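K.L.:
Quick one, structure09.txt (compact mmCIF, C-alpha atoms and all ligand atoms):
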# COMPACT_ATOMS: atom_id res chain seq x y z
CA MET A 1 -22.11 15.64 5.94
CA LYS A 2 -19.49 14.95 3.27
CA LYS A 3 -19.48 11.44 1.86
CA ILE A 4 -16.01 10.05 1.17
CA LEU A 5 -15.47 6.74 -0.61
CA ILE A 6 -12.26 4.93 0.36
CA THR A 7 -11.54 1.90 -1.80
CA GLY A 8 -9.39 -0.97 -0.52
CA GLY A 9 -10.04 0.11 3.06
CA ALA A 10 -9.78 -3.42 4.44
CA GLY A 11 -6.19 -3.77 3.21
CA PHE A 12 -2.93 -2.75 4.85
CA ILE A 13 -2.66 0.98 4.09
CA GLY A 14 -6.39 1.45 3.47
CA SER A 15 -7.33 0.25 6.96
CA HIS A 16 -5.01 2.84 8.54
CA VAL A 17 -6.48 5.57 6.31
CA VAL A 18 -10.07 4.53 7.10
CA ARG A 19 -9.40 4.49 10.85
CA MET A 20 -7.75 7.92 10.70
CA TYR A 21 -10.62 9.44 8.68
CA VAL A 22 -13.44 7.89 10.74
CA ASN A 23 -11.89 9.12 14.01
CA LYS A 24 -10.55 12.47 12.83
CA TYR A 25 -13.52 13.62 10.74
CA PRO A 26 -16.83 12.99 12.53
CA ASP A 27 -18.45 15.31 9.96
CA TYR A 28 -17.48 12.97 7.09
CA HIS A 29 -19.30 9.74 6.37
CA ILE A 30 -16.68 7.20 5.31
CA PHE A 31 -17.70 4.45 2.92
CA ASN A 32 -15.15 1.64 2.72
CA LEU A 33 -15.51 -0.31 -0.54
CA ASP A 34 -13.53 -3.53 -0.60
CA LYS A 35 -13.81 -6.88 -2.37
CA LEU A 36 -12.14 -8.64 0.58
CA THR A 37 -9.58 -10.51 -1.47
CA TYR A 38 -6.96 -12.56 0.41
CA ALA A 39 -5.37 -9.18 1.31
CA GLY A 40 -8.51 -7.54 2.70
CA ASN A 41 -9.46 -8.25 6.28
CA LEU A 42 -12.26 -6.62 8.28
CA GLU A 43 -10.44 -7.66 11.47
CA ASN A 44 -8.21 -4.66 10.67
CA LEU A 45 -11.13 -2.33 11.38
CA LYS A 46 -12.84 -3.93 14.40
CA ASP A 47 -12.38 -0.75 16.44
CA VAL A 48 -14.33 1.47 14.03
CA GLU A 49 -16.93 -0.93 12.60
CA ASN A 50 -19.75 0.37 14.81
CA LYS A 51 -19.06 4.07 14.38
CA THR A 52 -22.07 5.96 13.02
CA ASN A 53 -19.99 7.75 10.36
CA TYR A 54 -18.67 4.48 8.88
CA THR A 55 -20.20 2.07 6.35
CA PHE A 56 -18.56 -1.00 4.83
CA VAL A 57 -19.59 -2.00 1.31
CA LYS A 58 -18.41 -5.33 -0.07
CA GLY A 59 -17.89 -5.04 -3.82
CA ASP A 60 -15.57 -5.37 -6.78
CA ILE A 61 -14.31 -2.25 -8.56
CA VAL A 62 -14.03 -4.33 -11.75
CA ASP A 63 -17.86 -4.53 -11.85
CA GLY A 64 -18.66 -1.30 -13.73
CA ASP A 65 -22.47 -1.48 -13.32
CA PHE A 66 -22.16 -2.00 -9.59
CA ILE A 67 -19.77 0.93 -9.27
CA GLN A 68 -22.00 3.21 -11.32
CA LYS A 69 -25.04 2.38 -9.13
CA LEU A 70 -23.05 2.84 -5.93
CA PHE A 71 -21.96 6.34 -7.00
CA GLU A 72 -25.49 7.25 -8.13
CA GLU A 73 -26.96 6.06 -4.85
CA HIS A 74 -24.51 7.82 -2.51
CA GLN A 75 -23.35 10.84 -4.56
CA PHE A 76 -19.86 10.78 -3.03
CA ASP A 77 -18.08 14.12 -2.55
CA GLY A 78 -14.63 12.55 -2.67
CA VAL A 79 -12.82 9.33 -3.51
CA ILE A 80 -9.56 8.04 -2.04
CA HIS A 81 -8.66 5.10 -4.24
CA LEU A 82 -6.36 2.48 -2.71
CA ALA A 83 -7.94 -0.80 -3.89
CA ALA A 84 -5.41 -2.74 -5.91
CA GLU A 85 -3.64 -5.99 -6.38
CA SER A 86 -0.39 -4.95 -4.71
CA HIS A 87 2.17 -7.77 -4.57
CA VAL A 88 4.86 -7.82 -7.28
CA ASP A 89 5.51 -11.58 -7.05
CA ARG A 90 1.82 -12.37 -7.53
CA SER A 91 1.77 -10.06 -10.58
CA ILE A 92 4.57 -12.14 -12.09
CA SER A 93 2.64 -15.39 -11.71
CA ASN A 94 -0.84 -13.98 -12.46
CA PRO A 95 -0.76 -10.63 -14.31
CA MET A 96 -4.41 -10.66 -15.41
CA GLU A 97 -5.82 -9.95 -11.93
CA PHE A 98 -3.59 -6.87 -11.85
CA ILE A 99 -4.75 -5.64 -15.24
CA MET A 100 -8.39 -6.07 -14.24
CA THR A 101 -8.35 -4.51 -10.78
CA ASN A 102 -5.62 -1.91 -11.17
CA ILE A 103 -6.52 -0.67 -14.65
CA ILE A 104 -10.16 -1.56 -15.41
CA GLY A 105 -11.19 -1.07 -11.78
CA THR A 106 -9.64 2.41 -11.73
CA VAL A 107 -11.35 3.37 -15.00
CA ASN A 108 -14.72 2.23 -13.62
CA LEU A 109 -14.25 4.56 -10.65
CA LEU A 110 -13.14 7.44 -12.92
CA ASN A 111 -16.20 6.96 -15.15
CA ALA A 112 -18.59 6.88 -12.20
CA ALA A 113 -17.03 9.98 -10.60
CA ARG A 114 -17.11 11.82 -13.93
CA TYR A 115 -20.78 10.95 -14.35
CA ILE A 116 -22.01 12.07 -10.92
CA TRP A 117 -19.83 15.21 -10.84
CA LYS A 118 -20.58 16.29 -14.42
CA ASP A 119 -22.67 19.32 -13.40
CA ASN A 120 -20.65 20.44 -10.39
CA ILE A 121 -17.04 19.68 -9.54
CA GLU A 122 -16.87 22.30 -6.77
CA GLY A 123 -15.15 20.75 -3.73
CA LYS A 124 -14.96 17.30 -5.35
CA ARG A 125 -11.76 15.24 -5.37
CA PHE A 126 -10.59 11.96 -6.88
CA TYR A 127 -7.38 10.96 -5.09
CA HIS A 128 -5.47 8.10 -6.68
CA VAL A 129 -2.94 6.36 -4.42
CA SER A 130 0.01 5.07 -6.42
CA THR A 131 3.52 3.77 -6.01
CA ASP A 132 7.12 4.81 -6.67
CA GLU A 133 7.55 1.59 -8.69
CA VAL A 134 6.07 3.34 -11.74
CA TYR A 135 9.37 5.24 -12.09
CA GLY A 136 11.35 2.02 -12.59
CA SER A 137 14.73 1.37 -11.06
CA LEU A 138 17.59 3.66 -9.98
CA GLY A 139 21.32 2.99 -10.04
CA ASP A 140 23.47 3.67 -6.99
CA THR A 141 22.63 7.39 -6.92
CA GLY A 142 19.75 9.75 -7.70
CA PHE A 143 16.10 10.04 -6.71
CA PHE A 144 12.64 9.76 -8.20
CA TYR A 145 11.04 13.19 -8.69
CA GLU A 146 7.44 13.96 -9.64
CA ASP A 147 8.55 14.54 -13.25
CA THR A 148 10.75 11.43 -13.55
CA ALA A 149 9.71 9.53 -16.69
CA TYR A 150 7.69 6.36 -16.08
CA ASP A 151 9.61 3.12 -16.67
CA PRO A 152 7.77 0.25 -14.95
CA HIS A 153 9.16 -3.29 -15.11
CA SER A 154 6.74 -5.67 -13.40
CA PRO A 155 3.14 -6.35 -14.39
CA TYR A 156 2.20 -4.76 -11.03
CA SER A 157 4.09 -1.52 -11.64
CA ALA A 158 3.00 -1.40 -15.30
CA SER A 159 -0.63 -1.73 -14.23
CA LYS A 160 -0.21 1.04 -11.65
CA ALA A 161 1.57 3.23 -14.25
CA SER A 162 -1.31 2.63 -16.63
CA SER A 163 -3.85 3.64 -13.99
CA ASP A 164 -1.86 6.82 -13.20
CA HIS A 165 -1.88 7.78 -16.89
CA LEU A 166 -5.63 7.20 -17.10
CA VAL A 167 -6.28 9.28 -13.99
CA ARG A 168 -4.27 12.17 -15.50
CA ALA A 169 -6.03 11.70 -18.86
CA TYR A 170 -9.44 12.10 -17.16
CA HIS A 171 -8.20 15.37 -15.66
CA ASP A 172 -6.76 16.70 -18.91
CA THR A 173 -9.63 15.52 -21.09
CA TYR A 174 -12.73 15.82 -18.90
CA GLY A 175 -11.56 18.18 -16.16
CA LEU A 176 -11.99 15.55 -13.46
CA PRO A 177 -10.58 16.97 -10.20
CA ILE A 178 -7.81 14.47 -9.53
CA ILE A 179 -4.73 14.26 -7.31
CA ILE A 180 -2.09 11.50 -7.40
CA SER A 181 0.59 10.46 -4.94
CA ASN A 182 3.42 7.99 -5.49
CA CYS A 183 4.76 6.47 -2.31
CA SER A 184 7.73 4.31 -1.36
CA ASN A 185 7.61 0.97 0.54
CA ASN A 186 5.35 1.02 3.58
CA TYR A 187 5.82 -1.00 6.75
CA GLY A 188 3.79 -1.39 9.94
CA GLY A 189 1.02 -3.48 11.49
CA ASN A 190 -1.73 -5.20 9.46
CA GLN A 191 0.42 -5.88 6.38
CA PHE A 192 -0.23 -9.24 4.73
CA PRO A 193 2.77 -11.55 5.40
CA GLU A 194 3.70 -11.97 1.74
CA LYS A 195 5.63 -8.67 1.79
CA LEU A 196 9.23 -8.67 3.03
CA ILE A 197 8.93 -7.31 6.58
CA PRO A 198 5.87 -9.20 7.94
CA LEU A 199 6.90 -12.38 6.07
CA PHE A 200 10.35 -12.34 7.64
CA ILE A 201 9.06 -11.46 11.13
CA ASN A 202 6.65 -14.42 10.90
CA ASN A 203 9.34 -16.76 9.58
CA ILE A 204 11.86 -15.74 12.24
CA ARG A 205 9.27 -16.37 14.92
CA HIS A 206 8.58 -19.85 13.52
CA ASN A 207 12.26 -20.62 12.82
CA LYS A 208 11.60 -20.91 9.08
CA PRO A 209 14.12 -20.04 6.33
CA LEU A 210 14.32 -16.36 5.29
CA PRO A 211 14.23 -16.39 1.47
CA VAL A 212 16.45 -13.49 0.35
CA TYR A 213 16.12 -12.82 -3.39
CA GLY A 214 19.42 -12.70 -5.30
CA LYS A 215 22.23 -11.27 -3.20
CA GLY A 216 19.95 -9.13 -1.02
CA GLU A 217 21.50 -6.00 -2.50
CA ASN A 218 18.32 -4.33 -3.72
CA VAL A 219 17.50 -1.07 -1.98
CA ARG A 220 14.09 0.15 -0.82
CA ASP A 221 13.03 3.39 0.89
CA TRP A 222 10.85 2.46 3.88
CA LEU A 223 8.06 4.63 5.33
CA TYR A 224 5.96 3.87 8.40
CA VAL A 225 2.37 3.27 7.29
CA LEU A 226 0.87 5.94 9.59
CA ASP A 227 3.16 8.51 8.02
CA HIS A 228 1.77 7.53 4.61
CA ALA A 229 -1.79 7.88 6.00
CA THR A 230 -0.93 11.36 7.33
CA ALA A 231 0.53 12.34 3.96
CA ILE A 232 -2.64 11.13 2.20
CA ASP A 233 -4.74 13.23 4.59
CA VAL A 234 -2.65 16.36 3.98
CA ILE A 235 -2.63 15.89 0.20
CA TYR A 236 -6.34 15.09 0.02
CA HIS A 237 -7.25 18.28 1.85
CA ASN A 238 -4.54 20.73 0.76
CA GLY A 239 -3.00 19.47 -2.49
CA SER A 240 -3.91 21.38 -5.64
CA ILE A 241 -6.08 19.66 -8.23
CA GLY A 242 -4.15 18.01 -11.06
CA GLU A 243 -0.94 17.76 -8.99
CA THR A 244 1.27 14.77 -8.19
CA PHE A 245 3.14 14.37 -4.91
CA ASN A 246 5.94 11.93 -4.13
CA ILE A 247 5.90 10.47 -0.61
CA GLY A 248 9.00 8.84 0.88
CA GLY A 249 10.85 8.21 4.08
CA HIS A 250 14.40 9.28 3.14
CA ASN A 251 15.17 5.92 4.68
CA GLU A 252 17.01 3.66 2.26
CA TRP A 253 17.99 0.15 3.24
CA LYS A 254 19.73 -2.62 1.36
CA ASN A 255 17.46 -5.67 1.86
CA ILE A 256 20.17 -7.74 3.53
CA ASP A 257 21.00 -4.97 6.03
CA LEU A 258 17.35 -4.50 6.91
CA ILE A 259 16.93 -8.28 7.32
CA LYS A 260 19.88 -8.36 9.71
CA VAL A 261 18.25 -5.60 11.80
CA LEU A 262 15.04 -7.66 11.91
CA CYS A 263 17.03 -10.72 13.04
CA LYS A 264 18.87 -8.77 15.73
CA VAL A 265 15.77 -7.12 17.21
CA MET A 266 13.82 -10.40 17.05
CA ASP A 267 16.64 -12.31 18.82
CA LYS A 268 16.41 -9.80 21.65
CA LYS A 269 12.62 -9.87 21.85
CA LEU A 270 12.40 -13.68 21.67
CA GLY A 271 15.24 -14.19 24.14
CA ARG A 272 17.37 -16.03 21.58
CA PRO A 273 21.20 -16.04 21.60
CA LYS A 274 22.77 -13.22 19.55
CA GLY A 275 23.10 -14.20 15.87
CA GLU A 276 20.61 -17.10 16.10
CA SER A 277 17.97 -15.78 13.66
CA GLU A 278 20.56 -14.73 11.06
CA LYS A 279 21.27 -18.44 10.55
CA LEU A 280 17.83 -18.64 8.89
CA ILE A 281 18.95 -16.41 6.00
CA THR A 282 18.73 -18.40 2.76
CA TYR A 283 19.65 -16.91 -0.61
CA VAL A 284 17.13 -17.94 -3.29
CA THR A 285 16.60 -17.32 -7.02
CA ASP A 286 16.13 -13.63 -7.72
CA ARG A 287 12.75 -12.10 -8.56
CA ALA A 288 12.37 -11.73 -12.36
CA GLY A 289 12.93 -8.13 -13.47
CA HIS A 290 13.88 -7.19 -9.90
CA ASP A 291 14.26 -3.39 -9.61
CA LEU A 292 17.61 -2.55 -8.02
CA ARG A 293 16.89 0.63 -6.09
CA TYR A 294 13.98 2.93 -5.25
CA ALA A 295 14.54 6.32 -3.62
CA ILE A 296 11.95 9.07 -3.41
CA ASP A 297 12.50 12.81 -3.27
CA SER A 298 9.54 14.21 -1.35
CA THR A 299 10.76 17.82 -1.18
CA LYS A 300 7.65 19.08 -3.01
CA LEU A 301 5.35 17.61 -0.37
CA GLN A 302 7.52 18.99 2.39
CA ASN A 303 7.82 22.51 0.90
CA GLU A 304 4.26 22.92 -0.39
CA LEU A 305 2.25 21.11 2.26
CA GLY A 306 4.61 20.88 5.24
CA TRP A 307 4.56 17.06 5.54
CA THR A 308 7.56 15.16 6.91
CA PRO A 309 7.77 11.60 8.25
CA SER A 310 7.30 11.54 12.03
CA LEU A 311 9.05 8.30 12.94
CA GLN A 312 12.69 7.25 12.84
CA PHE A 313 13.11 3.78 11.33
CA GLU A 314 14.55 2.27 14.53
CA GLU A 315 11.40 3.27 16.42
CA GLY A 316 9.07 2.24 13.58
CA ILE A 317 10.59 -1.21 13.20
CA GLU A 318 10.39 -1.87 16.97
CA LYS A 319 6.72 -0.85 16.94
CA THR A 320 6.11 -3.06 13.90
CA ILE A 321 7.80 -6.14 15.36
CA ASP A 322 5.88 -5.63 18.62
CA TRP A 323 2.62 -5.39 16.68
CA TYR A 324 3.16 -8.76 14.97
CA LEU A 325 4.32 -10.42 18.19
CA GLU A 326 1.28 -9.08 20.05
CA ASN A 327 -1.13 -9.97 17.23
CA GLN A 328 -0.17 -13.59 16.65
CA GLU A 329 -3.86 -14.49 16.29
CA TRP A 330 -4.21 -12.01 13.40
CA LEU A 331 -1.14 -13.58 11.74
CA ASP A 332 -2.44 -17.11 12.36
CA ASN A 333 -5.81 -16.18 10.83
CA VAL A 334 -4.36 -14.67 7.67
CA THR A 335 -1.81 -17.47 7.22
CA SER A 336 -4.39 -20.23 7.45
CA GLY A 337 -6.42 -21.26 4.39
CA ASN A 338 -4.88 -20.49 1.01
CA TYR A 339 -1.72 -18.91 2.41
CA GLN A 340 0.11 -22.22 2.69
CA LYS A 341 -0.67 -23.06 -0.93
CA TYR A 342 0.68 -19.65 -2.03
CA TYR A 343 3.76 -20.13 0.12
CA ASP A 344 4.53 -23.57 -1.29
CA GLU A 345 4.07 -22.40 -4.88
CA MET A 346 6.15 -19.28 -4.26
CA TYR A 347 9.04 -20.67 -2.23
CA GLY A 348 8.71 -24.46 -2.44
CA ASP A 349 11.24 -24.94 -5.24
CA ARG A 350 13.73 -22.20 -4.27
P1 LIG A 401 -3.18 -4.50 0.09
O1 LIG A 401 -2.94 -5.57 -0.91
O2 LIG A 401 -2.82 -4.71 1.51
O3 LIG A 401 -4.73 -4.10 0.08
C1 LIG A 401 -5.47 -3.95 -1.11
C2 LIG A 401 -6.95 -3.92 -0.75
O4 LIG A 401 -7.69 -3.78 -1.98
C3 LIG A 401 -7.45 -5.21 -0.08
O5 LIG A 401 -8.27 -4.90 1.02
C4 LIG A 401 -8.24 -5.91 -1.18
O6 LIG A 401 -9.31 -6.70 -0.69
C5 LIG A 401 -8.76 -4.71 -1.98
N1 LIG A 401 -9.07 -5.06 -3.38
C6 LIG A 401 -8.27 -5.77 -4.23
N2 LIG A 401 -8.92 -5.94 -5.41
C7 LIG A 401 -10.12 -5.31 -5.30
C8 LIG A 401 -11.21 -5.14 -6.19
N3 LIG A 401 -11.19 -5.64 -7.43
N4 LIG A 401 -12.28 -4.43 -5.76
C9 LIG A 401 -12.31 -3.90 -4.49
N5 LIG A 401 -11.32 -4.09 -3.61
C10 LIG A 401 -10.22 -4.76 -4.01
O7 LIG A 401 -2.47 -3.20 -0.50
P2 LIG A 401 -1.70 -2.02 0.24
O8 LIG A 401 -0.30 -2.42 0.43
O9 LIG A 401 -2.51 -1.56 1.38
O10 LIG A 401 -1.72 -0.93 -0.92
C11 LIG A 401 -2.81 -0.03 -1.06
C12 LIG A 401 -2.55 0.90 -2.22
O11 LIG A 401 -1.35 1.63 -1.99
C13 LIG A 401 -2.35 0.18 -3.56
O12 LIG A 401 -2.97 0.95 -4.56
C14 LIG A 401 -0.84 0.15 -3.75
O13 LIG A 401 -0.51 0.13 -5.11
C15 LIG A 401 -0.45 1.44 -3.08
N6 LIG A 401 0.91 1.47 -2.51
C16 LIG A 401 1.33 0.49 -1.64
C17 LIG A 401 2.59 0.56 -1.07
C18 LIG A 401 3.11 -0.47 -0.11
O14 LIG A 401 4.27 -0.43 0.27
N7 LIG A 401 2.30 -1.42 0.35
C19 LIG A 401 3.44 1.63 -1.39
C20 LIG A 401 2.98 2.61 -2.28
C21 LIG A 401 1.71 2.52 -2.82
O1 LIG A 402 7.76 0.75 -3.54
C1 LIG A 402 6.40 0.62 -3.25
C2 LIG A 402 5.98 -0.82 -3.40
O2 LIG A 402 6.57 -1.54 -2.34
C3 LIG A 402 4.47 -1.01 -3.42
O3 LIG A 402 3.93 -0.38 -4.54
C4 LIG A 402 4.11 -2.49 -3.45
O4 LIG A 402 2.71 -2.65 -3.34
C5 LIG A 402 4.79 -3.18 -2.27
O5 LIG A 402 4.53 -4.56 -2.33
C6 LIG A 402 6.29 -2.91 -2.28
O6 LIG A 402 6.94 -3.59 -3.38
P1 LIG A 402 8.34 -4.37 -3.21
O7 LIG A 402 8.44 -5.37 -4.27
O8 LIG A 402 9.46 -3.42 -3.04
O9 LIG A 402 8.06 -5.06 -1.77
P2 LIG A 402 8.32 -6.53 -1.20
O10 LIG A 402 8.02 -6.47 0.27
O11 LIG A 402 7.65 -7.57 -2.01
O12 LIG A 402 9.89 -6.70 -1.39
C7 LIG A 402 10.80 -5.80 -0.79
C8 LIG A 402 12.20 -6.22 -1.23
O13 LIG A 402 12.50 -7.48 -0.61
C9 LIG A 402 12.33 -6.45 -2.72
O14 LIG A 402 13.62 -6.03 -3.15
C10 LIG A 402 12.20 -7.96 -2.89
C11 LIG A 402 12.79 -8.49 -1.59
N1 LIG A 402 12.19 -9.76 -1.11
C12 LIG A 402 10.85 -9.83 -0.99
C13 LIG A 402 10.24 -11.00 -0.56
C14 LIG A 402 8.74 -11.09 -0.44
C15 LIG A 402 13.02 -10.84 -0.79
O15 LIG A 402 14.25 -10.76 -0.87
N2 LIG A 402 12.42 -11.99 -0.36
C16 LIG A 402 11.06 -12.13 -0.24
O16 LIG A 402 10.58 -13.23 0.13
Could I get this structure in the form of structure tokens?

P.N.:
Amino acid sequence: MKKILITGGAGFIGSHVVRMYVNKYPDYHIFNLDKLTYAGNLENLKDVENKTNYTFVKGDIVDGDFIQKLFEEHQFDGVIHLAAESHVDRSISNPMEFIMTNIIGTVNLLNAARYIWKDNIEGKRFYHVSTDEVYGSLGDTGFFYEDTAYDPHSPYSASKASSDHLVRAYHDTYGLPIIISNCSNNYGGNQFPEKLIPLFINNIRHNKPLPVYGKGENVRDWLYVLDHATAIDVIYHNGSIGETFNIGGHNEWKNIDLIKVLCKVMDKKLGRPKGESEKLITYVTDRAGHDLRYAIDSTKLQNELGWTPSLQFEEGIEKTIDWYLENQEWLDNVTSGNYQKYYDEMYGDR
């Protein structure tokens, strides 16, 4: 039985990847390593927690000794590394957490994999899950390609860029069998409501202001989270060692246009008069260093590995809104505790 370590499996994307792997690959034993920060939630994995091919390990990737022992004990055949501090606004107010987890944590995993695979790399794989934000910001036209030069602007994207460079350096220097993917903005169920889509769905539901940064003209390329999980699966199994793949939805939206779609669909679902939720839109101070536009070209992934997104945005956003409306208890749980403090600090004075 192959042993696969998935880091950050209690988070948004990680939980979808863990569920897919546990169900799809009964001949793999999936180890989910997660520190359970504010963003990690084992509720996300209730349906697989008792499966015999699944083990949860609570731990911090920043703790190098712990990571080394874990790898020695289980002799993993593969790693899919998603654990990270992932929210740009938090990286602006507290960069150090991002440096520690995203850079030092990644190096600890690389060192441990290098150590246990030193005599035999046959069939082994270290898959690093990264972001399109490492490429920086686009103007009105153009796309990010796999060979676009890195130009990160936030502490979050700079820490992810740094980890990408280190992953490639371990391949070039030590021959570690790595693969990297850089994906655009994900949306779907189980996303912590600090990110645009779940935050705004939750605020609309509770008739709270919708804090639009700047003029709402920034553009993001949105991909349904299960399509990202499918891409990860395809790349993990069929991507060539040392390669990078861009993953995107070919689905660009100006923030304000996307927010208006959310308002419209929510009005319908909540039985509110047309135009009611749009009244909640409130323009606030822009995010510092706010990247204008992200757009991914994922032709390489499509041509080499045959992956394309399965869902149209209209369908994906309906599914997503339904998920949050049907899982109010999940939202209530994650927005209790420290969430209110974060919210007040983040939006209180804007
Ligand atoms: P998330 O914040 O929802 O989840 C991150 C998970 O990592 C949480 O479960 C958290 O508990 C865990 N974690 C954090 N620090 C840890 C540590 N020190 N040790 C062990 N576990 C730790 O993030 P997400 O949105 O699911 O993103 C997952 C990965 O995908 C990240 O690497 C992110 O950079 C990348 N990514 C995200 C998006 C997106 O739109 N969300 C897009 C492209 C790439
Ligand atoms: O592109 C991939 C990245 O997408 C991932 O690497 C990150 O982990 C993920 O958080 C996401 O980053 P963004 O900064 O693009 O996502 P966020 O949901 O925070 O913001 C989306 C856009 O909405 C962005 O232009 C900022 C804007 N925004 C966001 C929030 C939270 C607002 O206008 N108001 C808000 O309150």

K.L.:
Using all atoms listed in the file, find each residue in chain A having at least one atom no more than 7 Å away from ligand LIG 401 (chain A); report its shortest atom-to-atom pair and that distance in Å (one decimal), rows by chain then rising number, as JSON lines.

P.N.:
{"residue": "A:Thr7", "atom": "CA", "partner": "A:LIG401", "partner_atom": "N5", "distance": 6.3}
{"residue": "A:Gly8", "atom": "CA", "partner": "A:LIG401", "partner_atom": "O4", "distance": 3.6}
{"residue": "A:Gly9", "atom": "CA", "partner": "A:LIG401", "partner_atom": "O5", "distance": 5.7}
{"residue": "A:Ala10", "atom": "CA", "partner": "A:LIG401", "partner_atom": "O5", "distance": 4.0}
{"residue": "A:Gly11", "atom": "CA", "partner": "A:LIG401", "partner_atom": "O5", "distance": 3.2}
{"residue": "A:Phe12", "atom": "CA", "partner": "A:LIG401", "partner_atom": "O9", "distance": 3.7}
{"residue": "A:Ile13", "atom": "CA", "partner": "A:LIG401", "partner_atom": "O9", "distance": 3.7}
{"residue": "A:Gly14", "atom": "CA", "partner": "A:LIG401", "partner_atom": "O9", "distance": 5.3}
{"residue": "A:Leu33", "atom": "CA", "partner": "A:LIG401", "partner_atom": "C9", "distance": 6.2}
{"residue": "A:Asp34", "atom": "CA", "partner": "A:LIG401", "partner_atom": "N5", "distance": 3.8}
{"residue": "A:Lys35", "atom": "CA", "partner": "A:LIG401", "partner_atom": "N5", "distance": 3.9}
{"residue": "A:Leu36", "atom": "CA", "partner": "A:LIG401", "partner_atom": "O6", "distance": 3.7}
{"residue": "A:Thr37", "atom": "CA", "partner": "A:LIG401", "partner_atom": "O6", "distance": 3.9}
{"residue": "A:Tyr38", "atom": "CA", "partner": "A:LIG401", "partner_atom": "O6", "distance": 6.4}
{"residue": "A:Ala39", "atom": "CA", "partner": "A:LIG401", "partner_atom": "C3", "distance": 4.7}
{"residue": "A:Gly40", "atom": "CA", "partner": "A:LIG401", "partner_atom": "O5", "distance": 3.1}
{"residue": "A:Asn41", "atom": "CA", "partner": "A:LIG401", "partner_atom": "O5", "distance": 6.3}
{"residue": "A:Gly59", "atom": "CA", "partner": "A:LIG401", "partner_atom": "C9", "distance": 5.7}
{"residue": "A:Asp60", "atom": "CA", "partner": "A:LIG401", "partner_atom": "N4", "distance": 3.6}
{"residue": "A:Ile61", "atom": "CA", "partner": "A:LIG401", "partner_atom": "N4", "distance": 4.1}
{"residue": "A:Val62", "atom": "CA", "partner": "A:LIG401", "partner_atom": "N3", "distance": 5.3}
{"residue": "A:Leu82", "atom": "CA", "partner": "A:LIG401", "partner_atom": "C12", "distance": 4.2}
{"residue": "A:Ala83", "atom": "CA", "partner": "A:LIG401", "partner_atom": "O4", "distance": 3.5}
{"residue": "A:Ala84", "atom": "CA", "partner": "A:LIG401", "partner_atom": "C6", "distance": 4.5}
{"residue": "A:Glu85", "atom": "CA", "partner": "A:LIG401", "partner_atom": "C6", "distance": 5.1}
{"residue": "A:Ser86", "atom": "CA", "partner": "A:LIG401", "partner_atom": "O1", "distance": 4.6}
{"residue": "A:His87", "atom": "CA", "partner": "A:LIG401", "partner_atom": "O1", "distance": 6.7}
{"residue": "A:Thr101", "atom": "CA", "partner": "A:LIG401", "partner_atom": "N3", "distance": 4.5}
{"residue": "A:Gly105", "atom": "CA", "partner": "A:LIG401", "partner_atom": "N3", "distance": 6.3}
{"residue": "A:Val129", "atom": "CA", "partner": "A:LIG401", "partner_atom": "O12", "distance": 5.4}
{"residue": "A:Ser130", "atom": "CA", "partner": "A:LIG401", "partner_atom": "C21", "distance": 4.7}
{"residue": "A:Thr131", "atom": "CA", "partner": "A:LIG401", "partner_atom": "C21", "distance": 3.9}
{"residue": "A:Asp132", "atom": "CA", "partner": "A:LIG401", "partner_atom": "C20", "distance": 6.4}
{"residue": "A:Lys160", "atom": "CA", "partner": "A:LIG401", "partner_atom": "O13", "distance": 6.6}
{"residue": "A:Asn182", "atom": "CA", "partner": "A:LIG401", "partner_atom": "C20", "distance": 6.3}
{"residue": "A:Cys183", "atom": "CA", "partner": "A:LIG401", "partner_atom": "C20", "distance": 4.3}
{"residue": "A:Ser184", "atom": "CA", "partner": "A:LIG401", "partner_atom": "C19", "distance": 5.1}
{"residue": "A:Asn185", "atom": "CA", "partner": "A:LIG401", "partner_atom": "O14", "distance": 3.6}
{"residue": "A:Asn186", "atom": "CA", "partner": "A:LIG401", "partner_atom": "O14", "distance": 3.8}
{"residue": "A:Tyr187", "atom": "CA", "partner": "A:LIG401", "partner_atom": "O14", "distance": 6.7}
{"residue": "A:Gln191", "atom": "CA", "partner": "A:LIG401", "partner_atom": "O2", "distance": 6.0}
{"residue": "A:Phe192", "atom": "CA", "partner": "A:LIG401", "partner_atom": "O2", "distance": 6.1}

K.L.:
Taking 4 positions as the minimum chain separation for residues in the same chain, which residues sit within 8 Å of stretch 213-229 of chain A when counting all atoms listed in the file? Answer as a PyMOL selection string.

P.N.:
chain A and resi 13+16-17+20+183-188+233+247-256+283-287+291-296+309-311+313+316

K.L.:
Listing only residues of stretch 81-131 of chain A within 7 Å of stretch 144-158 of chain A, what is the closest atom pair and its distance in Å (to one decimal) for each, using only C-alpha atoms, sorted by chain and residue number ascending, as a tab-separated table?

P.N.:
residue	atom	partner	partner_atom	distance
A:Ser86	CA	A:Tyr156	CA	6.8
A:Val88	CA	A:Tyr156	CA	5.5
A:Ser91	CA	A:Tyr156	CA	5.3
A:Ile92	CA	A:Pro155	CA	6.4
A:Pro95	CA	A:Pro155	CA	5.8
A:Phe98	CA	A:Tyr156	CA	6.2

K.L.:
Residues of the last selection are to be written out with C-alpha atoms, as a PDB file, in the coordinates of the input.

P.N.:
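Output file result-v8.pdb is given in full below:
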ATOM      1  CA  SER A  86      -0.390  -4.950  -4.710  1.00  0.00           C
ATOM      2  CA  VAL A  88       4.860  -7.820  -7.280  1.00  0.00           C
ATOM      3  CA  SER A  91       1.770 -10.060 -10.580  1.00  0.00           C
ATOM      4  CA  ILE A  92       4.570 -12.140 -12.090  1.00  0.00           C
ATOM      5  CA  PRO A  95      -0.760 -10.630 -14.310  1.00  0.00           C
ATOM      6  CA  PHE A  98      -3.590  -6.870 -11.850  1.00  0.00           C
TER       7      PHE A  98
END
